[in-house]
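**Student:** One file is attached below, structure_11.cif, containing mmCIF, C-alpha atoms, pLDDT in the B column; chains and numbers go by the auth columns.
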data_query
loop_
_atom_site.group_PDB
_atom_site.id
_atom_site.type_symbol
_atom_site.label_atom_id
_atom_site.label_comp_id
_atom_site.label_asym_id
_atom_site.label_seq_id
_atom_site.Cartn_x
_atom_site.Cartn_y
_atom_site.Cartn_z
_atom_site.B_iso_or_equiv
_atom_site.auth_seq_id
_atom_site.auth_asym_id
ATOM 1 C CA MET A 1 0.933 -2.228 15.193 62.00 30 E
ATOM 2 C CA PRO A 2 0.882 -5.841 16.281 70.00 31 E
ATOM 3 C CA GLU A 3 0.722 -6.931 19.880 73.00 32 E
ATOM 4 C CA THR A 4 3.822 -8.481 21.454 78.00 33 E
ATOM 5 C CA ASP A 5 2.400 -12.032 21.128 86.00 34 E
ATOM 6 C CA VAL A 6 2.514 -11.919 17.295 93.00 35 E
ATOM 7 C CA ALA A 7 5.094 -14.299 15.825 92.00 36 E
ATOM 8 C CA PRO A 8 8.089 -12.801 13.964 91.00 37 E
ATOM 9 C CA ALA A 9 7.000 -14.623 10.782 93.00 38 E
ATOM 10 C CA PHE A 10 3.770 -12.585 10.837 95.00 39 E
ATOM 11 C CA ARG A 11 5.384 -9.308 12.007 94.00 40 E
ATOM 12 C CA ARG A 12 7.457 -9.308 8.777 95.00 41 E
ATOM 13 C CA PHE A 13 4.275 -8.379 6.869 97.00 42 E
ATOM 14 C CA VAL A 14 3.799 -5.006 8.599 97.00 43 E
ATOM 15 C CA GLY A 15 5.265 -2.253 6.450 97.00 44 E
ATOM 16 C CA PHE A 16 5.102 -0.112 3.339 98.00 45 E
ATOM 17 C CA TRP A 17 6.167 -1.286 -0.151 98.00 46 E
ATOM 18 C CA VAL A 18 6.146 0.595 -3.460 97.00 47 E
ATOM 19 C CA ASN A 19 6.464 -0.035 -7.176 95.00 48 E
ATOM 20 C CA GLU A 20 7.611 3.119 -8.934 86.00 49 E
ATOM 21 C CA THR A 21 7.881 1.869 -12.513 86.00 50 E
ATOM 22 C CA GLY A 22 4.706 -0.075 -13.267 82.00 51 E
ATOM 23 C CA SER A 23 5.499 -3.182 -15.294 78.00 52 E
ATOM 24 C CA PRO A 24 9.091 -4.187 -16.051 77.00 53 E
ATOM 25 C CA LYS A 25 8.678 -2.223 -19.319 79.00 54 E
ATOM 26 C CA GLY A 26 7.613 0.933 -17.428 81.00 55 E
ATOM 27 C CA LYS A 27 3.925 0.650 -18.354 85.00 56 E
ATOM 28 C CA GLY A 28 0.704 0.454 -16.337 88.00 57 E
ATOM 29 C CA ARG A 29 -0.328 1.615 -12.910 90.00 58 E
ATOM 30 C CA ARG A 30 2.125 2.157 -10.082 93.00 59 E
ATOM 31 C CA VAL A 31 1.256 0.317 -6.884 95.00 60 E
ATOM 32 C CA ALA A 32 1.896 0.693 -3.145 97.00 61 E
ATOM 33 C CA ILE A 33 0.981 -1.687 -0.337 98.00 62 E
ATOM 34 C CA ILE A 34 0.615 -0.629 3.286 98.00 63 E
ATOM 35 C CA ILE A 35 0.084 -3.322 5.909 98.00 64 E
ATOM 36 C CA THR A 36 -0.775 -1.572 9.163 96.00 65 E
ATOM 37 C CA SER A 37 -1.525 -4.504 11.447 96.00 66 E
ATOM 38 C CA VAL A 38 -1.301 -8.248 11.880 97.00 67 E
ATOM 39 C CA ASP A 39 -2.664 -10.361 14.713 96.00 68 E
ATOM 40 C CA LYS A 40 -1.401 -13.588 16.284 95.00 69 E
ATOM 41 C CA ASP A 41 -3.617 -15.624 13.926 96.00 70 E
ATOM 42 C CA GLY A 42 -2.051 -14.022 10.832 97.00 71 E
ATOM 43 C CA ARG A 43 -4.891 -11.661 9.926 97.00 72 E
ATOM 44 C CA VAL A 44 -3.500 -8.598 8.141 97.00 73 E
ATOM 45 C CA ARG A 45 -5.126 -5.245 7.532 98.00 74 E
ATOM 46 C CA GLY A 46 -3.971 -2.415 5.354 98.00 75 E
ATOM 47 C CA ALA A 47 -4.462 -0.862 1.937 98.00 76 E
ATOM 48 C CA GLN A 48 -3.570 -1.328 -1.701 97.00 77 E
ATOM 49 C CA LEU A 49 -2.888 2.037 -3.372 97.00 78 E
ATOM 50 C CA PHE A 50 -2.715 2.436 -7.132 94.00 79 E
ATOM 51 C CA GLY A 51 -1.891 5.286 -9.453 93.00 80 E
ATOM 52 C CA PRO A 52 -3.901 6.440 -12.457 93.00 81 E
ATOM 53 C CA ALA A 53 -4.336 4.180 -15.469 90.00 82 E
ATOM 54 C CA ASP A 54 -2.273 4.664 -18.587 88.00 83 E
ATOM 55 C CA ALA A 55 -2.941 3.492 -22.157 88.00 84 E
ATOM 56 C CA THR A 56 -1.695 -0.025 -21.318 88.00 85 E
ATOM 57 C CA SER A 57 -3.702 -0.531 -18.098 89.00 86 E
ATOM 58 C CA PHE A 58 -6.207 -3.379 -17.936 87.00 87 E
ATOM 59 C CA ASP A 59 -8.751 -1.224 -16.126 84.00 88 E
ATOM 60 C CA VAL A 60 -9.302 2.423 -17.002 83.00 89 E
ATOM 61 C CA GLY A 61 -9.944 4.762 -14.130 84.00 90 E
ATOM 62 C CA PRO A 62 -8.472 7.190 -11.654 92.00 91 E
ATOM 63 C CA ALA A 63 -5.969 6.480 -8.908 95.00 92 E
ATOM 64 C CA GLY A 64 -7.455 4.973 -5.788 95.00 93 E
ATOM 65 C CA ALA A 65 -7.171 2.615 -2.846 96.00 94 E
ATOM 66 C CA ASN A 66 -8.670 -0.676 -1.739 95.00 95 E
ATOM 67 C CA PRO A 67 -8.723 -2.134 1.758 97.00 96 E
ATOM 68 C CA ILE A 68 -6.796 -5.282 2.597 98.00 97 E
ATOM 69 C CA ASP A 69 -8.288 -7.587 5.223 98.00 98 E
ATOM 70 C CA SER A 70 -6.989 -11.118 4.769 98.00 99 E
ATOM 71 C CA ARG A 71 -4.880 -13.893 6.279 98.00 100 E
ATOM 72 C CA ILE A 72 -1.253 -14.811 5.783 98.00 101 E
ATOM 73 C CA GLU A 73 -0.798 -18.160 4.045 97.00 102 E
ATOM 74 C CA GLY A 74 2.896 -19.070 4.290 95.00 103 E
ATOM 75 C CA GLU A 75 4.684 -16.199 2.538 96.00 104 E
ATOM 76 C CA ARG A 76 1.528 -14.944 0.818 98.00 105 E
ATOM 77 C CA VAL A 77 -1.512 -12.773 1.390 98.00 106 E
ATOM 78 C CA LYS A 78 -4.393 -13.140 -1.071 98.00 107 E
ATOM 79 C CA PHE A 79 -7.385 -10.825 -1.392 97.00 108 E
ATOM 80 C CA ARG A 80 -10.034 -9.772 -3.887 96.00 109 E
ATOM 81 C CA SER A 81 -10.793 -6.322 -5.171 93.00 110 E
ATOM 82 C CA PRO A 82 -13.946 -4.833 -3.599 93.00 111 E
ATOM 83 C CA SER A 83 -15.770 -5.284 -6.939 91.00 112 E
ATOM 84 C CA GLY A 84 -14.740 -8.945 -7.037 93.00 113 E
ATOM 85 C CA ASN A 85 -13.281 -8.463 -10.533 93.00 114 E
ATOM 86 C CA ALA A 86 -9.677 -9.177 -9.545 94.00 115 E
ATOM 87 C CA GLN A 87 -7.688 -11.552 -7.353 97.00 116 E
ATOM 88 C CA LEU A 88 -4.512 -10.086 -5.850 97.00 117 E
ATOM 89 C CA GLU A 89 -1.608 -11.859 -4.248 98.00 118 E
ATOM 90 C CA LEU A 90 1.260 -10.409 -2.247 98.00 119 E
ATOM 91 C CA ARG A 91 4.316 -12.600 -1.763 98.00 120 E
ATOM 92 C CA LEU A 92 6.920 -11.498 0.765 97.00 121 E
ATOM 93 C CA LEU A 93 10.437 -12.439 -0.358 96.00 122 E
ATOM 94 C CA SER A 94 13.392 -13.321 1.879 94.00 123 E
ATOM 95 C CA ASN A 95 15.144 -10.011 1.059 94.00 124 E
ATOM 96 C CA GLY A 96 12.150 -7.996 2.338 94.00 125 E
ATOM 97 C CA SER A 97 10.813 -7.040 -1.084 97.00 126 E
ATOM 98 C CA MET A 98 7.418 -8.166 -2.327 97.00 127 E
ATOM 99 C CA THR A 99 5.833 -9.412 -5.519 97.00 128 E
ATOM 100 C CA TYR A 100 2.335 -8.218 -6.355 96.00 129 E
ATOM 101 C CA THR A 101 0.254 -10.313 -8.716 96.00 130 E
ATOM 102 C CA TYR A 102 -2.995 -8.969 -10.176 95.00 131 E
ATOM 103 C CA ALA A 103 -5.330 -11.290 -12.106 96.00 132 E
ATOM 104 C CA ASN A 104 -8.728 -10.086 -13.306 94.00 133 E
ATOM 105 C CA THR A 105 -11.784 -12.093 -14.336 95.00 134 E
ATOM 106 C CA ARG A 106 -11.023 -11.428 -18.021 95.00 135 E
ATOM 107 C CA GLY A 107 -7.886 -13.578 -17.763 96.00 136 E
ATOM 108 C CA GLN A 108 -5.427 -10.663 -17.708 94.00 137 E
ATOM 109 C CA THR A 109 -2.506 -10.944 -15.277 94.00 138 E
ATOM 110 C CA THR A 110 0.377 -8.696 -14.321 92.00 139 E
ATOM 111 C CA ILE A 111 3.167 -8.932 -11.775 93.00 140 E
ATOM 112 C CA ARG A 112 4.953 -6.040 -10.082 93.00 141 E
ATOM 113 C CA HIS A 113 8.063 -6.014 -7.910 95.00 142 E
ATOM 114 C CA LEU A 114 7.696 -3.790 -4.831 97.00 143 E
ATOM 115 C CA ARG A 115 10.599 -2.515 -2.785 97.00 144 E
ATOM 116 C CA PRO A 116 10.286 -1.909 0.947 97.00 145 E
ATOM 117 C CA VAL A 117 10.183 1.702 2.130 97.00 146 E
ATOM 118 C CA TRP A 118 9.604 0.883 5.808 97.00 147 E
ATOM 119 C CA ARG A 119 9.235 -2.449 7.608 95.00 148 E
ATOM 120 C CA LEU A 120 8.311 -3.015 11.241 93.00 149 E
ATOM 121 C CA THR A 121 10.921 -5.733 11.760 89.00 150 E
ATOM 122 C CA GLU A 122 13.727 -3.393 10.674 89.00 151 E
ATOM 123 C CA ALA A 123 12.367 -0.567 12.818 89.00 152 E
ATOM 124 C CA GLU A 124 12.192 -2.871 15.843 88.00 153 E
ATOM 125 C CA ALA A 125 15.749 -4.109 15.216 87.00 154 E
ATOM 126 C CA ASN A 126 16.951 -0.499 15.117 87.00 155 E
ATOM 127 C CA GLY A 127 14.937 0.517 18.188 80.00 156 E
ATOM 128 C CA LYS A 128 12.752 2.886 16.115 67.00 157 E
ATOM 129 C CA ARG A 129 9.336 1.289 16.329 58.00 158 E
#
Render the structure in this file as structure tokens.

**Tutor:**
Amino acid sequence: MPETDVAPAFRRFVGFWVNETGSPKGKGRRVAIIITSVDKDGRVRGAQLFGPADATSFDVGPAGANPIDSRIEGERVKFRSPSGNAQLELRLLSNGSMTYTYANTRGQTTIRHLRPVWRLTEAEANGKR
């Protein structure tokens, strides 16, 4: 959880978001993002979780998780996969949802829409931090 000196604009990034359908056509991996902390300088930490590959997935392999340790840039957080084979971008939208963009080094790109499951700002507003 962030300290009390963390700006509200940064606190908005702490939460849990999911994509339950894969791509808009219902294909590909399902994704979840958990941001567990943010500091006053906008450094976020958390995890990217992904389900198993299907026949349409860019990368074949089992479900897994990757760490997130990056900085907020406006409404975005960018990070690379641990292998360095993909650039990922999270964009927090005004309604609390998030877009997730995955672009690998082979030129393949996909975008997912993630809905919020839990967000710190809502929990704080409801007195349930």

**Student:** Set the distance at 8 Å and use all atoms listed in the file: which residues neighbour E:Lys56 once local chain neighbours fewer than 4 positions away are removed? I'd like the list as a PyMOL selection string.

**Tutor:** chain E and resi 50-52+83+85-86

**Student:** When you look at E:Gly103 with a cut-off of 10 Å (counting only C-alpha atoms), what residues show up, excluding the ones that are within fewer than 2 positions of it in the same chain? I need them as a list in words.

**Tutor:**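 Neighbouring residues, sequence-local ones excluded: Ala38, Phe39, Gly71, Arg100, Ile101, Arg105, Val106, Arg120 and Leu121 of chain E.
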
**Student:** Applying the PyMOL selection byres ((chain E and resi 73-75) around 6) to the file I just gave you, which residues come out? Please list them as a ChimeraX atom specification.

**Tutor:** /E:63-67,72,76,96-100

**Student:** For the file shown, report as a ChimeraX atom specification the outcome of the PyMOL selection byres ((chain E and resi 36) around 12) at residue level.

**Tutor:** /E:31-35,37-43,67-72,101,150

**Student:** What would the file look like if the residues just selected were written as a compact mmCIF listing (two decimals), keeping the file's coordinate frame with C-alpha atoms?

**Tutor:**
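Everything below was put into selection_3.txt:
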# COMPACT_ATOMS: atom_id res chain seq x y z
CA PRO E 31 0.88 -5.84 16.28
CA GLU E 32 0.72 -6.93 19.88
CA THR E 33 3.82 -8.48 21.45
CA ASP E 34 2.40 -12.03 21.13
CA VAL E 35 2.51 -11.92 17.30
CA PRO E 37 8.09 -12.80 13.96
CA ALA E 38 7.00 -14.62 10.78
CA PHE E 39 3.77 -12.58 10.84
CA ARG E 40 5.38 -9.31 12.01
CA ARG E 41 7.46 -9.31 8.78
CA PHE E 42 4.28 -8.38 6.87
CA VAL E 43 3.80 -5.01 8.60
CA VAL E 67 -1.30 -8.25 11.88
CA ASP E 68 -2.66 -10.36 14.71
CA LYS E 69 -1.40 -13.59 16.28
CA ASP E 70 -3.62 -15.62 13.93
CA GLY E 71 -2.05 -14.02 10.83
CA ARG E 72 -4.89 -11.66 9.93
CA ILE E 101 -1.25 -14.81 5.78
CA THR E 150 10.92 -5.73 11.76

**Student:** Might you spell out which residues the PyMOL selection byres ((chain E and resi 117) around 9) would select in the displayed file, as a list in words?

**Tutor:** Val106, Lys107, Phe108, Arg109, Ser110, Ala115, Gln116, Glu118, Leu119, Tyr129, Thr130, Tyr131, Ala132 and Asn133 of chain E

**Student:** Taking all atoms listed in the file into account, name the residue in E:Ala82, E:Thr139, E:Glu151, E:Gln77 that is nearest to E:Asn95.

**Tutor:**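 For E:Asn95, the nearest of the candidates is E:Gln77.
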
**Student:** Just how far from atom CA of E:Gly90 is atom CA of E:Trp147, in Å to one decimal?

**Tutor:**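 Going from atom CA of E:Trp147 over to atom CA of E:Gly90 covers 28.2 Å.
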
**Student:** Set up a box along x, y and z of the file covering all listed atoms of stretch 38-46 of chain E, add 6 Å on every one of the six sides, and write the centre and edge lengths in Å to one decimal, as lines of an AutoDock Vina configuration file.

**Tutor:**
center_x = 5.6
center_y = -7.4
center_z = 5.9
size_x = 15.7
size_y = 26.5
size_z = 24.2

**Student:** Let me make sure I understand: among E:Ser126, E:Phe87, E:Asn48, E:Asn155, which one has the smallest atom-to-atom distance to E:Thr138 if we use only C-alpha atoms?

**Tutor:** E:Phe87

**Student:** Write out as a list of chain:residue names which residues come within 7 Å of E:Arg148 when counting only C-alpha atoms, dropping same-chain ones fewer than 4 positions away.

**Tutor:** E:Val43, E:Gly44, E:Phe45, E:Ala152
